[in-house]
Amino acid sequence: MMNGATGETGTRDLVVREPRPEELARVAYLFRNTRVRPNARFVAAERTQPLPRFVGAAAWWAEGAVGRFQVACLPVVAQSAVAGVLVQKVLAAARESGLESVQYADLLPEGHAWLEVLKAQGFERVRGERHFEIAGRNAWTRIAQLFMRHQADIPPHWRTEPILGHRLEAIFHLVAPHRLVPPEELQRCWDGRSGDAFDPEMSCILFDGERPFGALLARRPADVLYVDVQVVSEPNRRLRSLADLLLVYHVVRRVQAEGPIRQVQFRCGETEHRQTANLALRMGGHELPRLQVFGKTLNR
């Protein structure tokens, strides 16, 4: 199905096909610096001359009715041409699988090499994200100061609990509309079935009595704490600010100012989640270059 040499510019003597089982390790090596889903299927681009070798590949998988994929190419090849052929094969496979749309799995900055490749295949910008970075020590100091200043204003029946021991269903209605993490990835990271699962102690749920109304979901793969979701369902603006403060203070209570977390990164929607952006700035953070998601709706 995905076989055959092409005659396009930069892709002569190229065969694009699904790798055989004994070839998967060689293809996966192309993604050694990329986090690929365990259930991903691969499409490989093999240069046949002067000797057969894999020069690029696409990894793709389905999340509900949406196909997501990544592309990796060796730097010594005509990357744009090879990547273009690989994207075409992913689109064909997604249509055969009955998927409704396809998205590139990674967030891409302006000027990224794959943007023109995706646009040439009919992909469009789906949404953007803002990212903020804060030095760990500065973050802990600022939050501790804010908490001491506003502690008396926090309702006494509010409390945070680590997500450890709780089920995602308890807060799914809160975090699903946040849209930053797809539902399947939420469940996988919650259950620890991912190499960078949510930290079970630093990630937390905010309760008003027994009612969950806020959550902070964070990953800590190394010395950076990535806050993927911070959400509070509270219409009162002042109470919402206090709830955000309590969520982040949950993390501060579990780290040391001179501890192993060097930086904190917050992500939020380009226009949504303004509360998260405001908190990151109040903590002394600075904004990183904006990133974007590219996707394409498939015609049945």
# chains A, B, ... in the order shown; residues from 1 in each chain; ligands from 1
>>> residues_around(residues="Ile134 of chain A", least_positions_apart="4", cutoff="10 Å", atoms="only C-alpha atoms", output="list in words")
Asn138, Ala139, Trp140, Val224, Leu225, Arg262, Gln263, Val264, Gln265, Phe266, Ala280, Leu281, Met283, Gly284, Gly285, His286 and Glu287 of chain A
>>> select_by_dssp(residues="segment 221-258 of chain A", states="strand (DSSP E or B)", output="PyMOL selection string")
chain A and resi 224-232
>>> write_last_selection(atoms="N, CA and C atoms", output="mmCIF file, in the first residue's frame")
data_model
loop_
_atom_site.group_PDB
_atom_site.id
_atom_site.type_symbol
_atom_site.label_atom_id
_atom_site.label_comp_id
_atom_site.auth_asym_id
_atom_site.auth_seq_id
_atom_site.Cartn_x
_atom_site.Cartn_y
_atom_site.Cartn_z
ATOM 1 N N VAL A 224 13.225 20.578 35.058
ATOM 2 C CA VAL A 224 12.229 21.578 34.684
ATOM 3 C C VAL A 224 10.844 21.044 35.051
ATOM 4 N N LEU A 225 10.049 21.872 35.694
ATOM 5 C CA LEU A 225 8.669 21.513 36.003
ATOM 6 C C LEU A 225 7.779 22.120 34.925
ATOM 7 N N TYR A 226 7.089 21.267 34.162
ATOM 8 C CA TYR A 226 6.211 21.722 33.086
ATOM 9 C C TYR A 226 4.771 21.695 33.592
ATOM 10 N N VAL A 227 4.159 22.855 33.719
ATOM 11 C CA VAL A 227 2.759 22.937 34.123
ATOM 12 C C VAL A 227 1.911 22.924 32.856
ATOM 13 N N ASP A 228 1.335 21.756 32.554
ATOM 14 C CA ASP A 228 0.563 21.593 31.326
ATOM 15 C C ASP A 228 -0.855 22.130 31.455
ATOM 16 N N VAL A 229 -1.448 21.977 32.622
ATOM 17 C CA VAL A 229 -2.825 22.416 32.839
ATOM 18 C C VAL A 229 -2.917 23.089 34.196
ATOM 19 N N GLN A 230 -3.469 24.283 34.205
ATOM 20 C CA GLN A 230 -3.836 24.942 35.456
ATOM 21 C C GLN A 230 -5.195 25.570 35.213
ATOM 22 N N VAL A 231 -6.200 25.049 35.871
ATOM 23 C CA VAL A 231 -7.567 25.475 35.594
ATOM 24 C C VAL A 231 -8.328 25.622 36.901
ATOM 25 N N VAL A 232 -9.156 26.673 36.967
ATOM 26 C CA VAL A 232 -10.027 26.928 38.115
ATOM 27 C C VAL A 232 -11.404 27.291 37.584
#
>>> atom_distance(atom1="atom CA of Phe207 of chain A", atom2="atom CA of Val251 of chain A")
15.6 Å
>>> residues_around(residues="Pro162 of chain A", least_positions_apart="4", cutoff="6 Å", atoms="only C-alpha atoms", output="VMD selection string")
chain A and resid 201 203 to 204
>>> write_last_selection(atoms="N, CA and C atoms", output="short mmCIF file (atom, residue, chain, number, x, y, z; two decimals), in the first residue's frame")
data_model
loop_
_atom_site.label_atom_id
_atom_site.label_comp_id
_atom_site.auth_asym_id
_atom_site.auth_seq_id
_atom_site.Cartn_x
_atom_site.Cartn_y
_atom_site.Cartn_z
N GLU A 201 2.62 13.80 43.08
CA GLU A 201 2.60 14.58 44.30
C GLU A 201 2.48 16.08 44.03
N SER A 203 1.34 17.46 41.13
CA SER A 203 0.05 17.70 40.49
C SER A 203 -1.03 17.57 41.54
N CYS A 204 -2.04 18.43 41.48
CA CYS A 204 -3.01 18.45 42.56
C CYS A 204 -4.40 18.83 42.09
#
>>> residues_around(residues="segment 171-180 of chain A", least_positions_apart="6", cutoff="10 Å", atoms="only C-alpha atoms", output="ChimeraX atom specification")
/A:129,163,186-187,205-206,211-217,228-233,267-269,272-273
>>> closest_residue(among="A:Gln275, A:Glu234, A:Ala120, A:Ala59", to="Arg35 of chain A", atoms="only C-alpha atoms")
A:Ala59
>>> closest_atom_pairs(of="segment 173-243 of chain A", to="segment 98-118 of chain A", cutoff="12 Å", atoms="only C-alpha atoms", output="JSON lines")
{"residue": "A:Leu180", "atom": "CA", "partner": "A:Leu107", "partner_atom": "CA", "distance": 10.9}
{"residue": "A:Val181", "atom": "CA", "partner": "A:Ala105", "partner_atom": "CA", "distance": 11.1}
{"residue": "A:Pro182", "atom": "CA", "partner": "A:Ala105", "partner_atom": "CA", "distance": 10.6}
{"residue": "A:Glu185", "atom": "CA", "partner": "A:Ala105", "partner_atom": "CA", "distance": 11.6}
>>> closest_residue(among="A:Ser241, A:Ser80, A:Gln121, A:Gln88", to="Leu146 of chain A", atoms="only C-alpha atoms")
A:Ser241
>>> residues_around(residues="segment 91-94 of chain A", least_positions_apart="4", cutoff="12 Å", atoms="only C-alpha atoms", output="PyMOL selection string")
chain A and resi 1-2+17-18+41-43+58-69+84-87+98-104+118+121-123+295-300
>>> select_by_dssp(residues="segment 27-160 of chain A", states="alpha helix (DSSP H)", output="MDAnalysis selection string")
chainID A and resid 27:29 79:96 113:120 136:150
>>> write_last_selection(atoms="N, CA and C atoms", output="CSV table (one decimal), in the first residue's frame")
chain,number,residue,atom,x,y,z
A,27,VAL,N,14.4,2.4,12.1
A,27,VAL,CA,13.5,3.5,11.9
A,27,VAL,C,13.3,4.3,13.2
A,28,ALA,N,13.1,3.6,14.3
A,28,ALA,CA,12.9,4.3,15.5
A,28,ALA,C,14.1,5.1,15.9
A,29,TYR,N,15.3,4.8,15.5
A,29,TYR,CA,16.5,5.5,15.8
A,29,TYR,C,16.4,6.9,15.3
A,79,GLN,N,15.5,17.4,3.0
A,79,GLN,CA,14.5,17.2,4.0
A,79,GLN,C,13.1,17.6,3.6
A,80,SER,N,12.9,18.7,3.0
A,80,SER,CA,11.6,19.2,2.7
A,80,SER,C,10.9,18.3,1.7
A,81,ALA,N,11.7,17.8,0.7
A,81,ALA,CA,11.1,16.9,-0.3
A,81,ALA,C,10.7,15.6,0.3
A,82,VAL,N,11.6,15.0,1.1
A,82,VAL,CA,11.4,13.7,1.7
A,82,VAL,C,10.2,13.8,2.7
A,83,ALA,N,10.2,14.9,3.5
A,83,ALA,CA,9.1,15.1,4.5
A,83,ALA,C,7.8,15.3,3.8
A,84,GLY,N,7.8,15.9,2.6
A,84,GLY,CA,6.5,16.1,1.9
A,84,GLY,C,5.9,14.8,1.4
A,85,VAL,N,6.7,13.9,1.0
A,85,VAL,CA,6.3,12.6,0.5
A,85,VAL,C,5.7,11.8,1.7
A,86,LEU,N,6.4,11.9,2.9
A,86,LEU,CA,6.0,11.2,4.1
A,86,LEU,C,4.6,11.7,4.6
A,87,VAL,N,4.5,13.0,4.5
A,87,VAL,CA,3.2,13.6,4.9
A,87,VAL,C,2.0,13.1,4.0
A,88,GLN,N,2.3,13.0,2.7
A,88,GLN,CA,1.3,12.5,1.8
A,88,GLN,C,0.9,11.1,2.2
A,89,LYS,N,1.9,10.3,2.5
A,89,LYS,CA,1.6,8.9,2.9
A,89,LYS,C,0.7,8.8,4.2
A,90,VAL,N,1.1,9.7,5.2
A,90,VAL,CA,0.3,9.7,6.4
A,90,VAL,C,-1.1,10.1,6.1
A,91,LEU,N,-1.3,11.1,5.3
A,91,LEU,CA,-2.7,11.6,4.9
A,91,LEU,C,-3.5,10.4,4.2
A,92,ALA,N,-2.8,9.7,3.4
A,92,ALA,CA,-3.5,8.6,2.7
A,92,ALA,C,-3.9,7.5,3.7
A,93,ALA,N,-3.0,7.2,4.6
A,93,ALA,CA,-3.3,6.2,5.6
A,93,ALA,C,-4.4,6.6,6.6
A,94,ALA,N,-4.4,7.9,6.9
A,94,ALA,CA,-5.5,8.5,7.8
A,94,ALA,C,-6.8,8.4,7.1
A,95,ARG,N,-6.9,8.7,5.8
A,95,ARG,CA,-8.1,8.6,5.1
A,95,ARG,C,-8.6,7.1,5.1
A,96,GLU,N,-7.7,6.2,4.8
A,96,GLU,CA,-8.1,4.8,4.7
A,96,GLU,C,-8.6,4.3,6.1
A,113,ALA,N,11.2,24.3,9.9
A,113,ALA,CA,11.4,23.7,8.6
A,113,ALA,C,10.1,23.0,8.1
A,114,TRP,N,9.3,22.4,9.0
A,114,TRP,CA,8.2,21.7,8.6
A,114,TRP,C,7.0,22.5,8.2
A,115,LEU,N,7.0,23.8,8.6
A,115,LEU,CA,5.8,24.6,8.4
A,115,LEU,C,5.4,24.7,6.9
A,116,GLU,N,6.4,25.0,6.0
A,116,GLU,CA,6.2,25.1,4.6
A,116,GLU,C,5.8,23.8,4.0
A,117,VAL,N,6.4,22.7,4.5
A,117,VAL,CA,6.0,21.3,4.1
A,117,VAL,C,4.5,21.1,4.4
A,118,LEU,N,4.1,21.4,5.6
A,118,LEU,CA,2.7,21.2,6.0
A,118,LEU,C,1.7,22.0,5.2
A,119,LYS,N,2.1,23.3,5.0
A,119,LYS,CA,1.2,24.2,4.3
A,119,LYS,C,1.1,23.8,2.8
A,120,ALA,N,2.1,23.2,2.3
A,120,ALA,CA,2.1,22.7,0.9
A,120,ALA,C,1.1,21.5,0.7
A,136,GLY,N,13.4,28.6,38.9
A,136,GLY,CA,12.8,28.0,40.0
A,136,GLY,C,12.8,28.7,41.3
A,137,ARG,N,14.0,29.2,41.6
A,137,ARG,CA,14.2,29.9,42.9
A,137,ARG,C,13.3,31.1,43.0
A,138,ASN,N,13.3,31.9,41.9
A,138,ASN,CA,12.4,33.1,41.8
A,138,ASN,C,11.0,32.8,42.0
A,139,ALA,N,10.5,31.7,41.4
A,139,ALA,CA,9.1,31.3,41.4
A,139,ALA,C,8.7,30.9,42.9
A,140,TRP,N,9.6,30.1,43.5
A,140,TRP,CA,9.2,29.7,44.9
A,140,TRP,C,9.2,30.9,45.8
A,141,THR,N,10.2,31.8,45.7
A,141,THR,CA,10.2,33.0,46.6
A,141,THR,C,9.0,33.8,46.4
A,142,ARG,N,8.7,34.1,45.1
A,142,ARG,CA,7.5,35.0,44.8
A,142,ARG,C,6.2,34.4,45.3
A,143,ILE,N,6.0,33.1,45.1
A,143,ILE,CA,4.7,32.5,45.5
A,143,ILE,C,4.6,32.4,47.0
A,144,ALA,N,5.7,32.1,47.7
A,144,ALA,CA,5.7,32.1,49.1
A,144,ALA,C,5.3,33.5,49.7
A,145,GLN,N,5.9,34.5,49.1
A,145,GLN,CA,5.5,35.9,49.5
A,145,GLN,C,4.1,36.2,49.3
A,146,LEU,N,3.6,35.8,48.1
A,146,LEU,CA,2.2,36.1,47.8
A,146,LEU,C,1.2,35.3,48.7
A,147,PHE,N,1.6,34.1,49.0
A,147,PHE,CA,0.8,33.3,49.9
A,147,PHE,C,0.7,33.9,51.3
A,148,MET,N,1.8,34.3,51.8
A,148,MET,CA,1.8,34.9,53.1
A,148,MET,C,1.0,36.2,53.2
A,149,ARG,N,1.0,36.9,52.1
A,149,ARG,CA,0.3,38.2,52.0
A,149,ARG,C,-1.3,37.9,51.9
A,150,HIS,N,-1.7,36.8,51.3
A,150,HIS,CA,-3.1,36.6,51.0
A,150,HIS,C,-3.7,35.4,51.7
>>> decode(residues="segment 78-102 of chain A", atoms="C-alpha atoms", output="PDB file, in the first residue's frame")
ATOM      1  CA  ALA A  78      16.627  17.005   0.896  1.00  0.00           C
ATOM      2  CA  GLN A  79      14.512  17.172   4.023  1.00  0.00           C
ATOM      3  CA  SER A  80      11.592  19.187   2.686  1.00  0.00           C
ATOM      4  CA  ALA A  81      11.121  16.917  -0.308  1.00  0.00           C
ATOM      5  CA  VAL A  82      11.366  13.709   1.736  1.00  0.00           C
ATOM      6  CA  ALA A  83       9.109  15.099   4.469  1.00  0.00           C
ATOM      7  CA  GLY A  84       6.517  16.115   1.876  1.00  0.00           C
ATOM      8  CA  VAL A  85       6.259  12.561   0.542  1.00  0.00           C
ATOM      9  CA  LEU A  86       5.997  11.178   4.064  1.00  0.00           C
ATOM     10  CA  VAL A  87       3.171  13.593   4.937  1.00  0.00           C
ATOM     11  CA  GLN A  88       1.306  12.504   1.790  1.00  0.00           C
ATOM     12  CA  LYS A  89       1.551   8.872   2.905  1.00  0.00           C
ATOM     13  CA  VAL A  90       0.297   9.718   6.396  1.00  0.00           C
ATOM     14  CA  LEU A  91      -2.682  11.568   4.908  1.00  0.00           C
ATOM     15  CA  ALA A  92      -3.494   8.584   2.684  1.00  0.00           C
ATOM     16  CA  ALA A  93      -3.293   6.186   5.634  1.00  0.00           C
ATOM     17  CA  ALA A  94      -5.466   8.469   7.769  1.00  0.00           C
ATOM     18  CA  ARG A  95      -8.149   8.581   5.084  1.00  0.00           C
ATOM     19  CA  GLU A  96      -8.083   4.797   4.742  1.00  0.00           C
ATOM     20  CA  SER A  97      -8.538   4.568   8.517  1.00  0.00           C
ATOM     21  CA  GLY A  98     -11.617   6.811   8.378  1.00  0.00           C
ATOM     22  CA  LEU A  99     -10.133   9.632  10.456  1.00  0.00           C
ATOM     23  CA  GLU A 100     -11.746  13.059  10.309  1.00  0.00           C
ATOM     24  CA  SER A 101      -8.620  15.189  10.570  1.00  0.00           C
ATOM     25  CA  VAL A 102      -4.845  15.059  10.982  1.00  0.00           C
TER      26      VAL A 102
END
